[in-house]
$ cat data_20.cif   # mmCIF, C-alpha atoms
data_my_file
loop_
_atom_site.group_PDB
_atom_site.id
_atom_site.type_symbol
_atom_site.label_atom_id
_atom_site.label_comp_id
_atom_site.auth_asym_id
_atom_site.auth_seq_id
_atom_site.Cartn_x
_atom_site.Cartn_y
_atom_site.Cartn_z
ATOM 1 C CA MET A 1 12.893 -17.482 -17.305
ATOM 2 C CA LYS A 2 10.599 -16.514 -14.449
ATOM 3 C CA VAL A 3 9.866 -18.754 -11.490
ATOM 4 C CA PRO A 4 6.659 -18.605 -9.355
ATOM 5 C CA GLU A 5 7.283 -17.348 -5.820
ATOM 6 C CA HIS A 6 3.752 -17.379 -4.427
ATOM 7 C CA PRO A 7 0.312 -16.573 -5.936
ATOM 8 C CA GLY A 8 0.376 -13.269 -7.788
ATOM 9 C CA LYS A 9 4.127 -12.801 -7.659
ATOM 10 C CA LEU A 10 7.078 -13.878 -9.757
ATOM 11 C CA ILE A 11 10.829 -14.160 -9.395
ATOM 12 C CA TYR A 12 12.888 -13.225 -12.435
ATOM 13 C CA GLU A 13 16.430 -14.222 -13.207
ATOM 14 C CA GLU A 14 18.882 -11.595 -12.045
ATOM 15 C CA SER A 15 19.745 -10.394 -15.557
ATOM 16 C CA GLN A 16 16.061 -10.030 -16.465
ATOM 17 C CA LEU A 17 15.213 -8.218 -13.276
ATOM 18 C CA LYS A 18 18.151 -5.854 -13.668
ATOM 19 C CA GLU A 19 16.939 -4.897 -17.138
ATOM 20 C CA ILE A 20 13.350 -4.454 -15.969
ATOM 21 C CA MET A 21 14.323 -2.335 -12.968
ATOM 22 C CA SER A 22 16.648 -0.120 -14.996
ATOM 23 C CA LYS A 23 13.689 1.402 -16.812
ATOM 24 C CA TYR A 24 13.058 5.021 -15.972
ATOM 25 C CA ASP A 25 10.501 7.583 -17.134
ATOM 26 C CA PRO A 26 11.253 11.226 -16.261
ATOM 27 C CA ASN A 27 7.510 11.920 -16.202
ATOM 28 C CA THR A 28 6.996 9.380 -13.420
ATOM 29 C CA ILE A 29 7.404 9.731 -9.655
ATOM 30 C CA TYR A 30 8.778 6.486 -8.251
ATOM 31 C CA PHE A 31 8.477 5.441 -4.617
ATOM 32 C CA TYR A 32 9.583 2.477 -2.528
ATOM 33 C CA ASP A 33 10.593 1.791 1.083
ATOM 34 C CA VAL A 34 14.158 3.081 0.624
ATOM 35 C CA PRO A 35 15.637 5.774 -1.640
ATOM 36 C CA ASN A 36 17.840 4.805 -4.570
ATOM 37 C CA GLU A 37 18.989 6.234 -7.882
ATOM 38 C CA TYR A 38 15.367 6.200 -9.106
ATOM 39 C CA VAL A 39 13.485 6.919 -5.879
ATOM 40 C CA LYS A 40 14.006 10.341 -4.301
ATOM 41 C CA LYS A 41 14.278 10.430 -0.531
ATOM 42 C CA GLU A 42 11.285 12.730 -0.200
ATOM 43 C CA HIS A 43 9.038 10.271 -2.060
ATOM 44 C CA VAL A 44 9.747 7.298 0.207
ATOM 45 C CA CYS A 45 6.881 8.540 2.409
ATOM 46 C CA PHE A 46 4.364 7.403 -0.230
ATOM 47 C CA ASN A 47 5.148 3.758 0.519
ATOM 48 C CA ASN A 48 3.057 1.753 2.987
ATOM 49 C CA TYR A 49 5.976 0.802 5.243
ATOM 50 C CA GLU A 50 6.604 4.429 6.198
ATOM 51 C CA ILE A 51 5.803 5.036 9.861
ATOM 52 C CA THR A 52 2.945 7.507 9.568
ATOM 53 C CA PRO A 53 0.689 6.974 12.616
ATOM 54 C CA PHE A 54 -3.016 7.528 12.082
ATOM 55 C CA ILE A 55 -6.299 6.839 13.840
ATOM 56 C CA ASP A 56 -8.961 4.890 11.962
ATOM 57 C CA ASP A 57 -12.737 5.382 12.076
ATOM 58 C CA ASN A 58 -12.984 3.083 15.104
ATOM 59 C CA GLY A 59 -10.542 5.166 17.117
ATOM 60 C CA VAL A 60 -7.728 2.611 16.772
ATOM 61 C CA GLU A 61 -4.220 3.965 16.214
ATOM 62 C CA TRP A 62 -1.988 2.350 13.576
ATOM 63 C CA LYS A 63 1.706 2.941 12.941
ATOM 64 C CA SER A 64 1.484 2.637 9.153
ATOM 65 C CA VAL A 65 -0.790 1.596 6.294
ATOM 66 C CA GLU A 66 1.049 -1.733 6.183
ATOM 67 C CA TYR A 67 0.044 -2.557 9.760
ATOM 68 C CA TYR A 68 -3.570 -1.615 9.063
ATOM 69 C CA TYR A 69 -3.747 -3.541 5.795
ATOM 70 C CA GLN A 70 -2.134 -6.740 7.066
ATOM 71 C CA ALA A 71 -4.107 -6.902 10.334
ATOM 72 C CA HIS A 72 -7.441 -6.489 8.564
ATOM 73 C CA LYS A 73 -6.995 -9.754 6.731
ATOM 74 C CA PHE A 74 -8.216 -11.271 9.992
ATOM 75 C CA ILE A 75 -10.485 -8.588 11.482
ATOM 76 C CA ASN A 76 -13.850 -10.279 10.834
ATOM 77 C CA TYR A 77 -12.952 -13.701 12.185
ATOM 78 C CA PRO A 78 -13.269 -14.004 15.999
ATOM 79 C CA ASP A 79 -11.057 -17.079 16.232
ATOM 80 C CA ASN A 80 -8.365 -15.142 14.362
ATOM 81 C CA LYS A 81 -8.321 -12.200 16.792
ATOM 82 C CA LYS A 82 -4.902 -13.336 17.997
ATOM 83 C CA ALA A 83 -3.447 -12.684 14.534
ATOM 84 C CA TYR A 84 -5.028 -9.219 14.380
ATOM 85 C CA GLU A 85 -3.611 -8.235 17.757
ATOM 86 C CA GLU A 86 -0.137 -9.635 17.127
ATOM 87 C CA ILE A 87 0.159 -7.822 13.802
ATOM 88 C CA HIS A 88 -1.096 -4.612 15.392
ATOM 89 C CA HIS A 89 1.685 -4.743 17.977
ATOM 90 C CA CYS A 90 4.597 -5.780 15.746
ATOM 91 C CA PRO A 91 7.801 -3.710 16.126
ATOM 92 C CA ASP A 92 7.885 -2.526 12.496
ATOM 93 C CA SER A 93 6.011 -2.683 9.196
ATOM 94 C CA ASP A 94 8.107 -5.496 7.770
ATOM 95 C CA SER A 95 7.437 -7.621 10.855
ATOM 96 C CA ALA A 96 3.708 -6.923 10.503
ATOM 97 C CA LYS A 97 3.757 -8.205 6.935
ATOM 98 C CA LYS A 98 5.762 -11.308 7.851
ATOM 99 C CA ARG A 99 3.440 -12.062 10.770
ATOM 100 C CA ALA A 100 0.444 -11.829 8.458
ATOM 101 C CA ARG A 101 2.115 -14.262 6.043
ATOM 102 C CA PHE A 102 2.583 -16.664 8.961
ATOM 103 C CA TYR A 103 -1.077 -16.513 9.926
ATOM 104 C CA GLU A 104 -2.251 -16.855 6.339
ATOM 105 C CA LYS A 105 -0.689 -20.316 6.443
ATOM 106 C CA GLU A 106 -1.638 -21.008 10.070
ATOM 107 C CA TYR A 107 -5.306 -20.216 9.375
ATOM 108 C CA ALA A 108 -5.441 -21.668 5.874
ATOM 109 C CA GLY A 109 -9.059 -22.526 5.107
ATOM 110 C CA LYS A 110 -10.314 -20.414 8.032
ATOM 111 C CA TRP A 111 -9.730 -16.840 6.965
ATOM 112 C CA ASP A 112 -11.518 -15.511 3.884
ATOM 113 C CA LYS A 113 -8.623 -15.586 1.432
ATOM 114 C CA GLU A 114 -10.927 -15.652 -1.577
ATOM 115 C CA GLY A 115 -12.889 -12.642 -0.383
ATOM 116 C CA TRP A 116 -9.649 -10.797 0.337
ATOM 117 C CA GLU A 117 -8.320 -11.390 -3.153
ATOM 118 C CA LYS A 118 -11.649 -10.482 -4.783
ATOM 119 C CA GLY A 119 -12.026 -7.034 -3.298
ATOM 120 C CA LYS A 120 -11.392 -6.726 0.409
ATOM 121 C CA LYS A 121 -7.686 -6.040 -0.059
ATOM 122 C CA ASP A 122 -8.472 -3.031 -2.239
ATOM 123 C CA TYR A 123 -11.147 -1.916 0.236
ATOM 124 C CA TYR A 124 -8.792 -1.886 3.229
ATOM 125 C CA MET A 125 -5.921 -0.406 1.254
ATOM 126 C CA LYS A 126 -8.130 2.510 0.214
ATOM 127 C CA ARG A 127 -9.228 3.116 3.784
ATOM 128 C CA GLY A 128 -5.670 3.010 5.095
ATOM 129 C CA LEU A 129 -4.508 5.468 2.436
ATOM 130 C CA MET A 130 -7.360 7.857 3.190
ATOM 131 C CA PHE A 131 -6.504 7.869 6.899
ATOM 132 C CA LYS A 132 -2.799 8.375 6.148
ATOM 133 C CA PHE A 133 -3.081 11.213 3.627
ATOM 134 C CA SER A 134 -5.828 13.048 5.517
ATOM 135 C CA GLN A 135 -3.916 12.978 8.816
ATOM 136 C CA HIS A 136 -0.480 13.859 7.412
ATOM 137 C CA LYS A 137 -0.746 17.216 5.702
ATOM 138 C CA ASP A 138 2.956 17.266 4.844
ATOM 139 C CA ILE A 139 2.595 14.101 2.756
ATOM 140 C CA LEU A 140 -0.588 15.371 1.118
ATOM 141 C CA LYS A 141 1.203 18.619 0.185
ATOM 142 C CA LEU A 142 4.094 16.648 -1.283
ATOM 143 C CA LEU A 143 1.627 14.576 -3.293
ATOM 144 C CA LEU A 144 0.086 17.721 -4.775
ATOM 145 C CA GLU A 145 3.566 18.909 -5.760
ATOM 146 C CA THR A 146 3.928 15.891 -8.074
ATOM 147 C CA GLY A 147 1.877 17.805 -10.629
ATOM 148 C CA ASN A 148 0.374 15.570 -13.282
ATOM 149 C CA LYS A 149 3.140 12.989 -13.245
ATOM 150 C CA ASN A 150 2.444 9.296 -13.082
ATOM 151 C CA ILE A 151 3.143 7.672 -9.702
ATOM 152 C CA VAL A 152 4.583 4.154 -9.515
ATOM 153 C CA GLU A 153 5.643 1.852 -6.711
ATOM 154 C CA ARG A 154 9.061 0.656 -7.841
ATOM 155 C CA SER A 155 8.673 -2.913 -6.581
ATOM 156 C CA PRO A 156 10.846 -5.660 -8.093
ATOM 157 C CA ARG A 157 8.406 -8.325 -6.854
ATOM 158 C CA ASP A 158 4.798 -7.193 -6.790
ATOM 159 C CA PRO A 159 2.850 -6.906 -10.079
ATOM 160 C CA TYR A 160 -0.422 -6.050 -8.293
ATOM 161 C CA TRP A 161 0.439 -3.079 -6.088
ATOM 162 C CA GLY A 162 3.671 -2.267 -7.914
ATOM 163 C CA GLY A 163 4.143 -0.963 -11.427
ATOM 164 C CA MET A 164 7.505 -2.142 -12.720
ATOM 165 C CA LEU A 165 7.159 -5.798 -13.724
ATOM 166 C CA PRO A 166 5.641 -6.761 -17.094
ATOM 167 C CA ASN A 167 1.840 -6.429 -17.017
ATOM 168 C CA SER A 168 1.933 -4.854 -13.549
ATOM 169 C CA LEU A 169 -1.286 -3.191 -12.385
ATOM 170 C CA ASN A 170 0.320 -0.453 -10.239
ATOM 171 C CA LYS A 171 -2.791 -0.423 -8.048
ATOM 172 C CA LEU A 172 -1.092 1.455 -5.214
ATOM 173 C CA GLY A 173 0.200 4.185 -7.493
ATOM 174 C CA ILE A 174 -3.217 4.550 -9.117
ATOM 175 C CA MET A 175 -4.938 4.934 -5.752
ATOM 176 C CA ILE A 176 -2.467 7.618 -4.696
ATOM 177 C CA ILE A 177 -3.038 9.472 -7.979
ATOM 178 C CA GLU A 178 -6.794 9.278 -7.346
ATOM 179 C CA ILE A 179 -6.286 10.883 -3.935
ATOM 180 C CA ARG A 180 -4.298 13.677 -5.601
ATOM 181 C CA GLU A 181 -6.925 14.333 -8.256
ATOM 182 C CA ASN A 182 -9.879 14.186 -5.868
ATOM 183 C CA TYR A 183 -8.194 16.642 -3.531
ATOM 184 C CA ARG A 184 -7.591 19.084 -6.342
ATOM 185 C CA LYS A 185 -11.254 18.962 -7.328
ATOM 186 C CA ASN A 186 -12.911 19.025 -3.917
ATOM 187 C CA LYS A 187 -10.246 19.767 -1.251
ATOM 188 C CA THR A 188 -11.088 16.393 0.254
ATOM 189 C CA VAL A 189 -9.250 13.102 0.627
ATOM 190 C CA PHE A 190 -11.399 10.404 -0.923
ATOM 191 C CA LEU A 191 -11.215 7.050 -2.689
ATOM 192 C CA GLU A 192 -14.270 5.484 -4.297
ATOM 193 C CA GLY A 193 -15.069 2.069 -2.833
ATOM 194 C CA SER A 194 -13.730 2.724 0.683
ATOM 195 C CA ASP A 195 -17.153 3.178 2.329
ATOM 196 C CA LEU A 196 -15.740 6.311 3.952
ATOM 197 C CA LYS A 197 -17.080 9.826 3.490
ATOM 198 C CA GLU A 198 -14.902 12.474 1.907
ATOM 199 C CA ILE A 199 -12.421 13.858 4.448
ATOM 200 C CA LYS A 200 -11.990 17.624 4.212
ATOM 201 C CA VAL A 201 -8.414 18.777 4.748
ATOM 202 C CA ASP A 202 -7.338 22.419 4.861
ATOM 203 C CA LEU A 203 -3.790 22.968 3.647
#
$ encode --input "data_20.cif" --output "structure tokens"
Amino acid sequence: MKVPEHPGKLIYEESQLKEIMSKYDPNTIYFYDVPNEYVKKEHVCFNNYEITPFIDDNGVEWKSVEYYYQAHKFINYPDNKKAYEEIHHCPDSDSAKKRARFYEKEYAGKWDKEGWEKGKKDYYMKRGLMFKFSQHKDILKLLLETGNKNIVERSPRDPYWGGMLPNSLNKLGIMIIEIRENYRKNKTVFLEGSDLKEIKVDL
């Protein structure tokens, strides 16, 4: 039996979740915010919580992709500027996510939740990933070393960004793979649909 947690996510009974999360494919690179028996320490850096400071196209510095992603839920709404600034200055990535959850409820009906779910969340995720991988050559090199293996976020909760739960979309893993393949072809960091130009990176 699975129980709804919030839109787009599910909670499974412990026995079900244990079975689901025990699955392992040797041809897959798994990543998450902490290492475990399936996630190698060196691959933790692929996750959005990892502190990997970067500067965006507006000259604003962000501590991680998670900060950037969560804050931009509110970027285009002047009365929600407080949320944007608070998230930007949170002490860690987890706090940034929790603060965004708070303001999603606080500004219910005011922020463009529908627009976020229908495309803006992918748009800002792609931009954050491009900034991260283009400004951290060590992580880009590690990504190239994954060869042609599949890349999956080993999340026990998220079927949209993660790739472990039944019918998961693994959107985050797919975007990271796209960065890998585009770099191999053109020596640039690029994701279609980000509205950013290709970023040339010399390794």
$ resolve_selection --input "data_20.cif" --expression "the PyMOL selection byres ((chain A and resi 28) around 9)" --output "ChimeraX atom specification"
/A:24-27,29-30,146,149-152
$ resolve_selection --input "data_20.cif" --expression "the PyMOL selection byres ((chain A and resi 21) around 9)" --output "PyMOL selection string"
chain A and resi 16-20+22-24+154-156+164-165
$ atom_distance --input "data_20.cif" --atom1 "atom CA of A:Val60" --atom2 "atom CA of A:Gln135"
13.6 Å
$ closest_residue --input "data_20.cif" --among "A:Lys82, A:Lys41, A:Lys73, A:His88" --to "A:Glu104" --atoms "all atoms listed in the file"
A:Lys73
$ closest_atom_pairs --input "data_20.cif" --of "stretch 73-166 of chain A" --to "stretch 42-47 of chain A" --cutoff "9 Å" --atoms "only C-alpha atoms" --output "tab-separated table"
residue	atom	partner	partner_atom	distance
A:Ile139	CA	A:Cys45	CA	7.0
A:Leu142	CA	A:His43	CA	8.1
A:Leu143	CA	A:Phe46	CA	8.3
A:Glu153	CA	A:Asn47	CA	7.5
$ atom_distance --input "data_20.cif" --atom1 "atom CA of A:Asp195" --atom2 "atom CA of A:Ser64"
19.9 Å
$ resolve_selection --input "data_20.cif" --expression "the PyMOL selection byres ((chain A and resi 124-134) around 7)" --output "mmCIF file with C-alpha atoms, in the frame of the given file"
data_model
loop_
_atom_site.group_PDB
_atom_site.id
_atom_site.type_symbol
_atom_site.label_atom_id
_atom_site.label_comp_id
_atom_site.auth_asym_id
_atom_site.auth_seq_id
_atom_site.Cartn_x
_atom_site.Cartn_y
_atom_site.Cartn_z
ATOM 1 C CA THR A 52 2.945 7.507 9.568
ATOM 2 C CA PHE A 54 -3.016 7.528 12.082
ATOM 3 C CA ASP A 56 -8.961 4.890 11.962
ATOM 4 C CA VAL A 65 -0.790 1.596 6.294
ATOM 5 C CA TYR A 68 -3.570 -1.615 9.063
ATOM 6 C CA TYR A 69 -3.747 -3.541 5.795
ATOM 7 C CA LYS A 120 -11.392 -6.726 0.409
ATOM 8 C CA LYS A 121 -7.686 -6.040 -0.059
ATOM 9 C CA ASP A 122 -8.472 -3.031 -2.239
ATOM 10 C CA TYR A 123 -11.147 -1.916 0.236
ATOM 11 C CA GLN A 135 -3.916 12.978 8.816
ATOM 12 C CA HIS A 136 -0.480 13.859 7.412
ATOM 13 C CA LYS A 137 -0.746 17.216 5.702
ATOM 14 C CA ILE A 139 2.595 14.101 2.756
ATOM 15 C CA LEU A 140 -0.588 15.371 1.118
ATOM 16 C CA VAL A 189 -9.250 13.102 0.627
ATOM 17 C CA PHE A 190 -11.399 10.404 -0.923
ATOM 18 C CA LEU A 191 -11.215 7.050 -2.689
ATOM 19 C CA SER A 194 -13.730 2.724 0.683
ATOM 20 C CA ILE A 199 -12.421 13.858 4.448
ATOM 21 C CA VAL A 201 -8.414 18.777 4.748
#
$ build_atoms --input "data_20.cif" --residues "stretch 102-135 of chain A" --atoms "N, CA and C atoms" --output "tab-separated table (two decimals), keeping the file's coordinate frame"
chain	number	residue	atom	x	y	z
A	102	PHE	N	2.60	-15.49	8.08
A	102	PHE	CA	2.58	-16.66	8.96
A	102	PHE	C	1.15	-17.11	9.23
A	103	TYR	N	0.29	-16.16	9.58
A	103	TYR	CA	-1.08	-16.51	9.93
A	103	TYR	C	-1.93	-16.89	8.72
A	104	GLU	N	-1.56	-16.40	7.55
A	104	GLU	CA	-2.25	-16.86	6.34
A	104	GLU	C	-2.11	-18.37	6.20
A	105	LYS	N	-0.93	-18.87	6.51
A	105	LYS	CA	-0.69	-20.32	6.44
A	105	LYS	C	-1.30	-21.02	7.65
A	106	GLU	N	-1.13	-20.42	8.83
A	106	GLU	CA	-1.64	-21.01	10.07
A	106	GLU	C	-3.16	-21.18	10.03
A	107	TYR	N	-3.84	-20.20	9.43
A	107	TYR	CA	-5.31	-20.22	9.38
A	107	TYR	C	-5.82	-20.57	7.98
A	108	ALA	N	-5.03	-21.27	7.22
A	108	ALA	CA	-5.44	-21.67	5.87
A	108	ALA	C	-6.79	-22.39	5.93
A	109	GLY	N	-7.73	-21.93	5.11
A	109	GLY	CA	-9.06	-22.53	5.11
A	109	GLY	C	-10.01	-21.90	6.11
A	110	LYS	N	-9.48	-21.04	7.01
A	110	LYS	CA	-10.31	-20.41	8.03
A	110	LYS	C	-10.57	-18.94	7.73
A	111	TRP	N	-9.53	-18.25	7.30
A	111	TRP	CA	-9.73	-16.84	6.96
A	111	TRP	C	-10.20	-16.74	5.52
A	112	ASP	N	-10.87	-15.65	5.19
A	112	ASP	CA	-11.52	-15.51	3.88
A	112	ASP	C	-10.51	-15.05	2.83
A	113	LYS	N	-9.64	-15.93	2.43
A	113	LYS	CA	-8.62	-15.59	1.43
A	113	LYS	C	-9.26	-15.21	0.10
A	114	GLU	N	-10.28	-15.94	-0.29
A	114	GLU	CA	-10.93	-15.65	-1.58
A	114	GLU	C	-11.58	-14.27	-1.57
A	115	GLY	N	-12.27	-13.96	-0.48
A	115	GLY	CA	-12.89	-12.64	-0.38
A	115	GLY	C	-11.87	-11.52	-0.36
A	116	TRP	N	-10.73	-11.79	0.29
A	116	TRP	CA	-9.65	-10.80	0.34
A	116	TRP	C	-9.13	-10.51	-1.06
A	117	GLU	N	-8.87	-11.56	-1.81
A	117	GLU	CA	-8.32	-11.39	-3.15
A	117	GLU	C	-9.33	-10.77	-4.12
A	118	LYS	N	-10.61	-10.96	-3.85
A	118	LYS	CA	-11.65	-10.48	-4.78
A	118	LYS	C	-12.19	-9.10	-4.44
A	119	GLY	N	-11.56	-8.39	-3.54
A	119	GLY	CA	-12.03	-7.03	-3.30
A	119	GLY	C	-11.71	-6.44	-1.95
A	120	LYS	N	-11.62	-7.27	-0.92
A	120	LYS	CA	-11.39	-6.73	0.41
A	120	LYS	C	-10.01	-6.09	0.54
A	121	LYS	N	-9.03	-6.62	-0.19
A	121	LYS	CA	-7.69	-6.04	-0.06
A	121	LYS	C	-7.65	-4.63	-0.62
A	122	ASP	N	-8.38	-4.39	-1.70
A	122	ASP	CA	-8.47	-3.03	-2.24
A	122	ASP	C	-9.24	-2.13	-1.27
A	123	TYR	N	-10.30	-2.66	-0.69
A	123	TYR	CA	-11.15	-1.92	0.24
A	123	TYR	C	-10.33	-1.41	1.43
A	124	TYR	N	-9.56	-2.29	2.06
A	124	TYR	CA	-8.79	-1.89	3.23
A	124	TYR	C	-7.58	-1.03	2.86
A	125	MET	N	-7.02	-1.26	1.69
A	125	MET	CA	-5.92	-0.41	1.25
A	125	MET	C	-6.42	1.02	1.06
A	126	LYS	N	-7.57	1.17	0.44
A	126	LYS	CA	-8.13	2.51	0.21
A	126	LYS	C	-8.40	3.23	1.53
A	127	ARG	N	-8.94	2.52	2.49
A	127	ARG	CA	-9.23	3.12	3.78
A	127	ARG	C	-7.93	3.55	4.49
A	128	GLY	N	-6.94	2.67	4.48
A	128	GLY	CA	-5.67	3.01	5.10
A	128	GLY	C	-5.03	4.24	4.46
A	129	LEU	N	-5.09	4.32	3.14
A	129	LEU	CA	-4.51	5.47	2.44
A	129	LEU	C	-5.26	6.76	2.75
A	130	MET	N	-6.58	6.66	2.84
A	130	MET	CA	-7.36	7.86	3.19
A	130	MET	C	-7.01	8.36	4.58
A	131	PHE	N	-6.88	7.45	5.54
A	131	PHE	CA	-6.50	7.87	6.90
A	131	PHE	C	-5.11	8.51	6.89
A	132	LYS	N	-4.18	7.89	6.18
A	132	LYS	CA	-2.80	8.38	6.15
A	132	LYS	C	-2.72	9.77	5.53
A	133	PHE	N	-3.25	9.94	4.33
A	133	PHE	CA	-3.08	11.21	3.63
A	133	PHE	C	-3.91	12.33	4.24
A	134	SER	N	-5.01	12.00	4.90
A	134	SER	CA	-5.83	13.05	5.52
A	134	SER	C	-5.25	13.50	6.84
A	135	GLN	N	-4.46	12.65	7.50
A	135	GLN	CA	-3.92	12.98	8.82
A	135	GLN	C	-2.45	13.40	8.77
